[in-house]
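Here's data_30.pdb, which has PDB, C-alpha atoms and all ligand atoms:
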```pdb
MODEL        1
ATOM      1  CA  MET A  11      20.594 -13.891  -3.088
ATOM      2  CA  ARG A  12      19.034 -11.044  -1.115
ATOM      3  CA  TRP A  13      17.042 -11.863   2.007
ATOM      4  CA  ILE A  14      13.738 -10.171   2.794
ATOM      5  CA  ILE A  15      13.293 -10.996   6.468
ATOM      6  CA  PHE A  16      10.328  -9.684   8.409
ATOM      7  CA  CYS A  17      10.013  -9.923  12.153
ATOM      8  CA  LYS A  18       6.263  -9.641  12.482
ATOM      9  CA  ASP A  19       5.758  -6.528  10.285
ATOM     10  CA  GLU A  20       9.237  -5.010  10.435
ATOM     11  CA  LEU A  21      11.898  -5.497   7.785
ATOM     12  CA  LEU A  22      15.594  -6.192   8.412
ATOM     13  CA  VAL A  23      17.741  -3.580   6.581
ATOM     14  CA  ASN A  24      21.045  -1.826   7.207
ATOM     15  CA  VAL A  25      21.494   1.967   7.462
ATOM     16  CA  HIS A  26      21.846   2.196   3.672
ATOM     17  CA  GLY A  27      18.562   0.337   3.101
ATOM     18  CA  ARG A  28      20.345  -2.816   1.890
ATOM     19  CA  LEU A  29      18.953  -6.248   2.613
ATOM     20  CA  PRO A  30      21.185  -9.047   3.946
ATOM     21  CA  GLU A  31      22.914 -10.974   1.119
ATOM     22  CA  GLY A  32      24.353 -14.473   0.744
ATOM     23  CA  GLU A  33      23.440 -17.977  -0.386
ATOM     24  CA  ALA A  34      22.349 -19.118   3.079
ATOM     25  CA  CYS A  35      19.823 -17.375   5.332
ATOM     26  CA  PRO A  36      21.801 -15.182   7.763
ATOM     27  CA  LEU A  37      19.529 -16.217  10.633
ATOM     28  CA  PRO A  38      18.699 -19.736  11.818
ATOM     29  CA  LEU A  39      15.705 -21.270  10.050
ATOM     30  CA  GLU A  40      13.259 -23.667  11.684
ATOM     31  CA  PRO A  41      11.473 -26.467   9.795
ATOM     32  CA  TRP A  42       8.144 -24.611  10.010
ATOM     33  CA  HIS A  43       9.429 -21.463   8.289
ATOM     34  CA  HIS A  44       8.211 -21.189   4.709
ATOM     35  CA  VAL A  45      10.678 -19.377   2.447
ATOM     36  CA  PHE A  46       9.193 -17.624  -0.598
ATOM     37  CA  ARG A  47      11.407 -17.271  -3.689
ATOM     38  CA  LEU A  48      10.895 -14.020  -5.599
ATOM     39  CA  GLN A  49      12.535 -12.506  -8.640
ATOM     40  CA  ALA A  50      11.860  -9.514 -10.872
ATOM     41  CA  PRO A  51      12.245 -10.253 -14.626
ATOM     42  CA  GLY A  52      15.967 -10.123 -15.356
ATOM     43  CA  GLY A  53      16.662  -9.147 -11.751
ATOM     44  CA  GLU A  54      18.377 -10.662  -8.747
ATOM     45  CA  PRO A  55      16.813 -13.565  -6.826
ATOM     46  CA  TYR A  56      15.278 -12.852  -3.428
ATOM     47  CA  SER A  57      14.159 -15.094  -0.589
ATOM     48  CA  ALA A  58      11.539 -13.974   1.888
ATOM     49  CA  LEU A  59      10.445 -15.229   5.271
ATOM     50  CA  ARG A  60       8.831 -14.069   8.469
ATOM     51  CA  LEU A  61      10.101 -14.704  11.981
ATOM     52  CA  ASP A  62       8.040 -14.212  15.106
ATOM     53  CA  THR A  63      10.914 -13.619  17.497
ATOM     54  CA  PRO A  64      13.185 -10.528  17.794
ATOM     55  CA  MET A  65      16.212 -10.677  15.484
ATOM     56  CA  HIS A  66      19.800  -9.665  16.099
ATOM     57  CA  LEU A  67      22.015  -9.415  13.044
ATOM     58  CA  PRO A  68      25.098  -7.169  13.347
ATOM     59  CA  GLY A  69      24.772  -4.032  11.195
ATOM     60  CA  TYR A  70      21.024  -4.442  10.579
ATOM     61  CA  THR A  71      17.945  -3.032  12.265
ATOM     62  CA  GLN A  72      14.209  -3.682  12.050
ATOM     63  CA  THR A  73      12.327  -0.981  10.147
ATOM     64  CA  GLY A  74       8.690  -0.511   9.185
ATOM     65  CA  LEU A  75       8.034  -0.983   5.460
ATOM     66  CA  ARG A  76       6.765   2.605   5.070
ATOM     67  CA  GLN A  77       9.935   3.992   6.670
ATOM     68  CA  ALA A  78      12.110   1.692   4.521
ATOM     69  CA  TYR A  79      10.810   3.363   1.319
ATOM     70  CA  ARG A  80      13.244   6.278   1.581
ATOM     71  CA  LEU A  81      16.196   3.926   2.067
ATOM     72  CA  MET A  82      15.654   1.101  -0.423
ATOM     73  CA  ASP A  83      16.055   0.867  -4.188
ATOM     74  CA  ALA A  84      12.785   0.618  -6.123
ATOM     75  CA  GLU A  85      12.990  -3.069  -7.088
ATOM     76  CA  ALA A  86      13.938  -4.253  -3.602
ATOM     77  CA  TYR A  87      11.145  -2.153  -2.101
ATOM     78  CA  ARG A  88       8.546  -3.518  -4.521
ATOM     79  CA  LEU A  89       9.581  -7.110  -3.834
ATOM     80  CA  ALA A  90       9.638  -6.482  -0.076
ATOM     81  CA  GLY A  91       6.025  -5.285  -0.432
ATOM     82  CA  LYS A  92       5.081  -8.364  -2.445
ATOM     83  CA  ALA A  93       6.798 -10.558   0.158
ATOM     84  CA  ARG A  94       4.873  -8.871   2.966
ATOM     85  CA  GLU A  95       1.589  -9.606   1.188
ATOM     86  CA  LEU A  96       2.513 -13.258   0.582
ATOM     87  CA  LEU A  97       3.731 -13.728   4.163
ATOM     88  CA  HIS A  98       0.516 -12.162   5.501
ATOM     89  CA  TRP A  99      -1.541 -14.465   3.286
ATOM     90  CA  ASP A 100       0.479 -17.531   4.344
ATOM     91  CA  ALA A 101       0.009 -16.713   8.049
ATOM     92  CA  GLU A 102      -3.756 -16.294   7.615
ATOM     93  CA  SER A 103      -4.457 -19.279   5.359
ATOM     94  CA  LYS A 104      -3.260 -22.325   7.282
ATOM     95  CA  TYR A 105      -6.620 -24.123   7.176
ATOM     96  CA  CYS A 106      -9.273 -24.812   4.570
ATOM     97  CA  GLY A 107     -12.256 -22.463   4.890
ATOM     98  CA  VAL A 108     -14.622 -25.195   3.614
ATOM     99  CA  CYS A 109     -13.692 -28.315   5.613
ATOM    100  CA  GLY A 110     -11.143 -27.029   8.157
ATOM    101  CA  ALA A 111      -8.267 -29.354   7.157
ATOM    102  CA  PRO A 112      -4.678 -28.000   7.126
ATOM    103  CA  VAL A 113      -3.812 -26.839   3.586
ATOM    104  CA  LYS A 114      -0.574 -27.314   1.644
ATOM    105  CA  PHE A 115       1.335 -25.182  -0.840
ATOM    106  CA  GLU A 116       0.667 -26.225  -4.420
ATOM    107  CA  THR A 117       2.630 -23.480  -6.194
ATOM    108  CA  GLU A 118       4.685 -20.566  -4.851
ATOM    109  CA  ILE A 119       1.502 -18.470  -4.658
ATOM    110  CA  SER A 120      -1.297 -20.972  -4.168
ATOM    111  CA  LYS A 121      -2.369 -23.686  -1.721
ATOM    112  CA  ARG A 122      -4.739 -26.611  -1.954
ATOM    113  CA  CYS A 123      -6.748 -28.512   0.647
ATOM    114  CA  PRO A 124      -5.711 -32.220   0.565
ATOM    115  CA  GLU A 125      -9.153 -33.263   1.876
ATOM    116  CA  CYS A 126     -11.671 -31.432  -0.316
ATOM    117  CA  GLY A 127      -9.441 -29.982  -3.069
ATOM    118  CA  LYS A 128     -10.304 -26.320  -2.507
ATOM    119  CA  GLU A 129      -7.692 -23.938  -3.941
ATOM    120  CA  LEU A 130      -6.528 -20.909  -1.980
ATOM    121  CA  TRP A 131      -4.963 -17.805  -3.542
ATOM    122  CA  PRO A 132      -3.899 -14.496  -1.964
ATOM    123  CA  GLN A 133      -6.938 -12.199  -1.744
ATOM    124  CA  LEU A 134      -6.353  -8.580  -2.684
ATOM    125  CA  SER A 135      -8.378  -5.835  -1.013
ATOM    126  CA  THR A 136      -9.042  -3.286  -3.753
ATOM    127  CA  ALA A 137      -9.317   0.367  -2.825
ATOM    128  CA  VAL A 138      -9.842   3.520  -4.894
ATOM    129  CA  ILE A 139      -8.416   6.993  -4.347
ATOM    130  CA  VAL A 140      -9.413  10.127  -6.239
ATOM    131  CA  ALA A 141      -8.176  13.654  -6.876
ATOM    132  CA  VAL A 142     -11.355  15.749  -7.308
ATOM    133  CA  THR A 143     -10.766  19.202  -8.775
ATOM    134  CA  ARG A 144     -12.940  22.331  -8.981
ATOM    135  CA  GLY A 145     -11.421  25.208 -10.915
ATOM    136  CA  ASP A 146      -7.959  25.736  -9.434
ATOM    137  CA  SER A 147      -8.793  23.810  -6.237
ATOM    138  CA  LEU A 148      -8.256  20.242  -5.078
ATOM    139  CA  LEU A 149     -10.522  18.374  -2.650
ATOM    140  CA  MET A 150      -8.440  17.213   0.320
ATOM    141  CA  VAL A 151      -9.539  15.421   3.463
ATOM    142  CA  GLN A 152      -8.036  14.275   6.711
ATOM    143  CA  SER A 153      -8.993  10.758   7.716
ATOM    144  CA  ARG A 154      -9.363   9.917  11.388
ATOM    145  CA  SER A 155      -7.064   6.960  10.683
ATOM    146  CA  PHE A 156      -4.102   9.258   9.801
ATOM    147  CA  ARG A 157      -1.586   9.294  12.618
ATOM    148  CA  HIS A 158      -0.077  12.595  11.488
ATOM    149  CA  ASN A 159      -1.619  15.959  10.812
ATOM    150  CA  PHE A 160      -1.621  15.842   6.988
ATOM    151  CA  MET A 161      -4.356  16.080   4.379
ATOM    152  CA  GLY A 162      -4.949  13.302   1.844
ATOM    153  CA  LEU A 163      -7.468  12.437  -0.852
ATOM    154  CA  VAL A 164     -10.842  10.709  -0.667
ATOM    155  CA  ALA A 165     -10.280   6.941  -0.666
ATOM    156  CA  GLY A 166     -12.058   3.749   0.293
ATOM    157  CA  PHE A 167     -12.520   0.059  -0.383
ATOM    158  CA  VAL A 168     -14.390  -1.249  -3.402
ATOM    159  CA  GLU A 169     -17.531  -3.139  -2.430
ATOM    160  CA  THR A 170     -18.832  -6.334  -4.006
ATOM    161  CA  GLY A 171     -20.860  -5.824  -7.183
ATOM    162  CA  GLU A 172     -19.326  -2.417  -7.894
ATOM    163  CA  THR A 173     -17.157  -1.059 -10.713
ATOM    164  CA  LEU A 174     -14.091   0.973  -9.769
ATOM    165  CA  GLU A 175     -15.769   4.138 -11.082
ATOM    166  CA  GLN A 176     -18.914   3.450  -9.031
ATOM    167  CA  ALA A 177     -16.735   3.006  -5.943
ATOM    168  CA  VAL A 178     -15.090   6.391  -6.623
ATOM    169  CA  GLU A 179     -18.460   8.093  -7.019
ATOM    170  CA  ARG A 180     -19.884   6.460  -3.885
ATOM    171  CA  GLU A 181     -16.856   7.213  -1.691
ATOM    172  CA  VAL A 182     -16.836  10.900  -2.674
ATOM    173  CA  MET A 183     -20.585  11.150  -1.994
ATOM    174  CA  GLU A 184     -20.349   9.292   1.340
ATOM    175  CA  GLU A 185     -17.316  11.191   2.642
ATOM    176  CA  THR A 186     -18.042  14.703   1.352
ATOM    177  CA  GLY A 187     -21.615  14.827   0.005
ATOM    178  CA  ILE A 188     -20.636  16.099  -3.439
ATOM    179  CA  CYS A 189     -21.367  14.752  -6.930
ATOM    180  CA  ILE A 190     -18.504  14.312  -9.407
ATOM    181  CA  SER A 191     -18.077  13.764 -13.152
ATOM    182  CA  ASP A 192     -15.306  12.903 -15.642
ATOM    183  CA  ILE A 193     -13.917  10.014 -13.558
ATOM    184  CA  ARG A 194     -10.679   8.941 -15.248
ATOM    185  CA  TYR A 195      -8.138   6.239 -14.432
ATOM    186  CA  PHE A 196      -4.754   7.617 -13.339
ATOM    187  CA  ALA A 197      -2.516   4.759 -12.106
ATOM    188  CA  SER A 198      -2.453   1.885  -9.625
ATOM    189  CA  GLN A 199      -0.133   0.781  -6.873
ATOM    190  CA  PRO A 200       0.330  -2.355  -4.778
ATOM    191  CA  TRP A 201      -0.534  -1.459  -1.196
ATOM    192  CA  PRO A 202       1.004  -4.089   1.101
ATOM    193  CA  PHE A 203      -0.640  -2.839   4.324
ATOM    194  CA  PRO A 204      -1.394  -5.690   4.605
ATOM    195  CA  CYS A 205      -2.560  -6.972   1.202
ATOM    196  CA  GLY A 206      -4.121  -4.551  -1.239
ATOM    197  CA  LEU A 207      -4.275  -2.755  -4.549
ATOM    198  CA  MET A 208      -4.844   1.004  -4.636
ATOM    199  CA  VAL A 209      -6.346   2.341  -7.875
ATOM    200  CA  GLY A 210      -6.026   6.077  -8.483
ATOM    201  CA  PHE A 211      -8.466   8.305 -10.404
ATOM    202  CA  THR A 212      -9.021  11.939 -11.257
ATOM    203  CA  ALA A 213     -12.480  13.544 -11.360
ATOM    204  CA  ARG A 214     -14.185  16.914 -11.599
ATOM    205  CA  TYR A 215     -16.636  18.524  -9.183
ATOM    206  CA  ALA A 216     -20.185  18.479 -10.548
ATOM    207  CA  SER A 217     -22.540  19.723  -7.801
ATOM    208  CA  GLY A 218     -23.288  19.947  -4.092
ATOM    209  CA  ASP A 219     -21.763  21.464  -0.947
ATOM    210  CA  ILE A 220     -19.211  19.695   1.217
ATOM    211  CA  THR A 221     -20.784  17.825   4.128
ATOM    212  CA  LEU A 222     -18.101  15.751   5.823
ATOM    213  CA  GLN A 223     -18.679  12.233   7.067
ATOM    214  CA  ARG A 224     -17.562  12.972  10.615
ATOM    215  CA  SER A 225     -17.213   9.311  11.631
ATOM    216  CA  GLU A 226     -14.415   8.895   9.029
ATOM    217  CA  LEU A 227     -12.969  12.377   8.553
ATOM    218  CA  ARG A 228     -11.502  14.998  10.879
ATOM    219  CA  SER A 229     -11.548  17.756   8.270
ATOM    220  CA  GLY A 230     -11.761  18.452   4.560
ATOM    221  CA  GLY A 231     -12.130  21.189   1.972
ATOM    222  CA  TRP A 232     -10.864  22.793  -1.245
ATOM    223  CA  TYR A 233      -7.162  23.712  -1.446
ATOM    224  CA  THR A 234      -5.357  25.894  -3.994
ATOM    225  CA  PRO A 235      -1.655  25.538  -4.916
ATOM    226  CA  ASP A 236      -0.845  28.653  -2.860
ATOM    227  CA  ALA A 237      -2.290  27.268   0.359
ATOM    228  CA  MET A 238      -1.234  23.635   0.418
ATOM    229  CA  PRO A 239      -1.327  21.728   3.723
ATOM    230  CA  ALA A 240       1.098  18.936   4.691
ATOM    231  CA  VAL A 241       0.549  16.013   2.292
ATOM    232  CA  PRO A 242       1.305  12.239   2.134
ATOM    233  CA  GLY A 243       4.883  11.152   1.379
ATOM    234  CA  PRO A 244       6.198  10.315  -2.116
ATOM    235  CA  MET A 245       5.691   6.537  -1.733
ATOM    236  CA  SER A 246       1.910   6.947  -1.999
ATOM    237  CA  ILE A 247      -0.275   7.255  -5.068
ATOM    238  CA  ALA A 248      -2.052  10.086  -3.207
ATOM    239  CA  ARG A 249       1.138  12.111  -3.478
ATOM    240  CA  ARG A 250       1.565  11.225  -7.162
ATOM    241  CA  LEU A 251      -1.977  12.487  -7.811
ATOM    242  CA  ILE A 252      -1.300  15.709  -5.886
ATOM    243  CA  ASP A 253       1.993  16.302  -7.731
ATOM    244  CA  HIS A 254       0.256  15.589 -11.074
ATOM    245  CA  TRP A 255      -2.463  18.148 -10.256
ATOM    246  CA  LEU A 256       0.135  20.796  -9.297
ATOM    247  CA  ARG A 257       1.928  20.250 -12.617
ATOM    248  CA  GLU A 258      -1.414  20.532 -14.465
ATOM    249  CA  GLN A 259      -2.026  23.810 -12.664
ATOM    250  CA  GLY A 260       1.318  25.031 -13.997
ATOM    251  CA  ARG A 261       2.640  25.088 -10.423
ATOM    252  CA  PRO A 262       5.434  22.483 -10.191
ATOM    253  CA  ASP A 263       7.303  25.093  -8.092
ATOM    254  CA  VAL A 264       5.072  24.140  -5.149
ATOM    255  CA  ILE A 265       6.194  20.491  -5.158
ATOM    256  CA  PRO A 266       9.659  20.984  -3.583
ATOM    257  CA  THR A 267       8.133  23.040  -0.763
ATOM    258  CA  LEU A 268       5.414  20.522   0.162
ATOM    259  CA  LYS A 269       5.726  19.292   3.704
ATOM    260  CA  ASP A 270       5.167  15.548   3.557
ATOM    261  CA  PHE A 271       4.748  12.654   5.968
TER     262      PHE A 271
HETATM  263 ZN    ZN A 301     -10.993 -28.545   2.486
ENDMDL
END
```
Rewrite the structure from the file as structure tokens, please.
Amino acid sequence: MRWIIFCKDELLVNVHGRLPEGEACPLPLEPWHHVFRLQAPGGEPYSALRLDTPMHLPGYTQTGLRQAYRLMDAEAYRLAGKARELLHWDAESKYCGVCGAPVKFETEISKRCPECGKELWPQLSTAVIVAVTRGDSLLMVQSRSFRHNFMGLVAGFVETGETLEQAVEREVMEETGICISDIRYFASQPWPFPCGLMVGFTARYASGDITLQRSELRSGGWYTPDAMPAVPGPMSIARRLIDHWLREQGRPDVIPTLKDF
């Protein structure tokens, strides 16, 4: 059994990115702690829980989930992300939204209100992200929410009553003022910050001049493979889209020299 233990939002791992192992939880459990059981098909079993007090386990430190990406193996990282989403949902769904009664777990990933019967499931926030190209250039923007000085891709949350493609079109128009065409699905990625799904697309420039939405973006523009700025790290679908575009441009040589965050 591997143990995915979060203290608030930080994960307990050792310097090699390994999770604690053993049949029993390596830290004392209280009756109010809910332990989630997770397992990839054909993989090892995992248990996951969240503690609200600082943890001291010899050989282990608390690490942010983003930072843990470079240390952990792919399956453990994916399940740690799933665990973070479930733990976030559990912490924020203690009471029924209809009648206010405390709710109870019905399955590993659902709860039910014992008073009115309402079912509760984890709610995913769906977001889209898009690589817009024009000739040999890629549209890149810097969000005001980025803590570091790198350029990313246009992205935003899907609104109610919208298709994914409509969300892509709207976000590009809102953030940069340009019209796009040929919107195509690329790939998707769980985004456990705190509970989301990121859906990636490619698209082509159709018309218009860039007018940045200054309330959301610090900067933005067209970038060619020879003048690439610092870009998001390899854990993100943004980076996968950028790497895919560089390969399409016949410029995979640029990928090893990209400065990422
Ligand atoms: Zn209820």
May I ask you to write as a PyMOL selection string all residues lying at most 8 Å from ligand ZN 301 (chain A), with all atoms listed in the file counted?
chain A and resi 105-113+122-128
Can you pull out every residue within 9 Å of A:Cys35, counting all atoms listed in the file, but drop anything in the same chain fewer than 5 positions away, and send it as an MDAnalysis selection string?
chainID A and resid 13 30 57
Any chance you could work out the residue set of the PyMOL selection byres (((chain A and resi 160) around 6) and not hetatm) here, as a PyMOL selection string?
chain A and resi 158-159+161+240-241
For this file, the PyMOL selection byres (((chain A and resi 11) around 9) and not hetatm) selects which residues, as a compact mmCIF listing (two decimals) with C-alpha atoms, in the frame of the given file?
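To be explicit, this is the file written out as part-v5.txt:
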```txt
# COMPACT_ATOMS: atom_id res chain seq x y z
CA ARG A 12 19.03 -11.04 -1.12
CA TRP A 13 17.04 -11.86 2.01
CA PRO A 30 21.18 -9.05 3.95
CA GLU A 31 22.91 -10.97 1.12
CA GLY A 32 24.35 -14.47 0.74
CA GLU A 33 23.44 -17.98 -0.39
CA ALA A 34 22.35 -19.12 3.08
CA GLU A 54 18.38 -10.66 -8.75
CA PRO A 55 16.81 -13.56 -6.83
CA TYR A 56 15.28 -12.85 -3.43
CA SER A 57 14.16 -15.09 -0.59
```
Might you spell out which residues the PyMOL selection byres (((chain A and resi 184-197) around 9) and not hetatm) would select in the displayed file, as JSON, numbers by chain?
{"A": [140, 142, 151, 164, 165, 175, 178, 179, 180, 181, 182, 183, 198, 199, 208, 209, 210, 211, 212, 213, 214, 215, 216, 217, 218, 219, 220, 221, 222, 223, 224, 226, 227, 230, 231, 247, 251]}
I'd like the neighbourhood of A:Pro202 as a list in words, where a residue qualifies if any of its atoms comes within 8 Å (using only C-alpha atoms), though same-chain residues fewer than 3 positions away should be ignored.
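Answer for this query is Gly91, Lys92, Arg94, Glu95, Cys205, Gly206 and Leu207 of chain A.
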In Å, with one decimal, what is the gap from atom CA of A:His26 to atom CA of A:Glu40?
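Separation of atom CA of A:His26 and atom CA of A:Glu40: 28.4 Å.
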Selection: 8 Å around A:Leu59, only C-alpha atoms, excl. self and same-chain fewer than 3 positions, as a PDB file with C-alpha atoms, in the frame of the given file:
```
ATOM      1  CA  ILE A  14      13.738 -10.171   2.794  1.00  0.00           C
ATOM      2  CA  ILE A  15      13.293 -10.996   6.468  1.00  0.00           C
ATOM      3  CA  PHE A  16      10.328  -9.684   8.409  1.00  0.00           C
ATOM      4  CA  HIS A  43       9.429 -21.463   8.289  1.00  0.00           C
ATOM      5  CA  HIS A  44       8.211 -21.189   4.709  1.00  0.00           C
ATOM      6  CA  VAL A  45      10.678 -19.377   2.447  1.00  0.00           C
ATOM      7  CA  PHE A  46       9.193 -17.624  -0.598  1.00  0.00           C
ATOM      8  CA  ALA A  93       6.798 -10.558   0.158  1.00  0.00           C
ATOM      9  CA  LEU A  97       3.731 -13.728   4.163  1.00  0.00           C
TER      10      LEU A  97
END
```
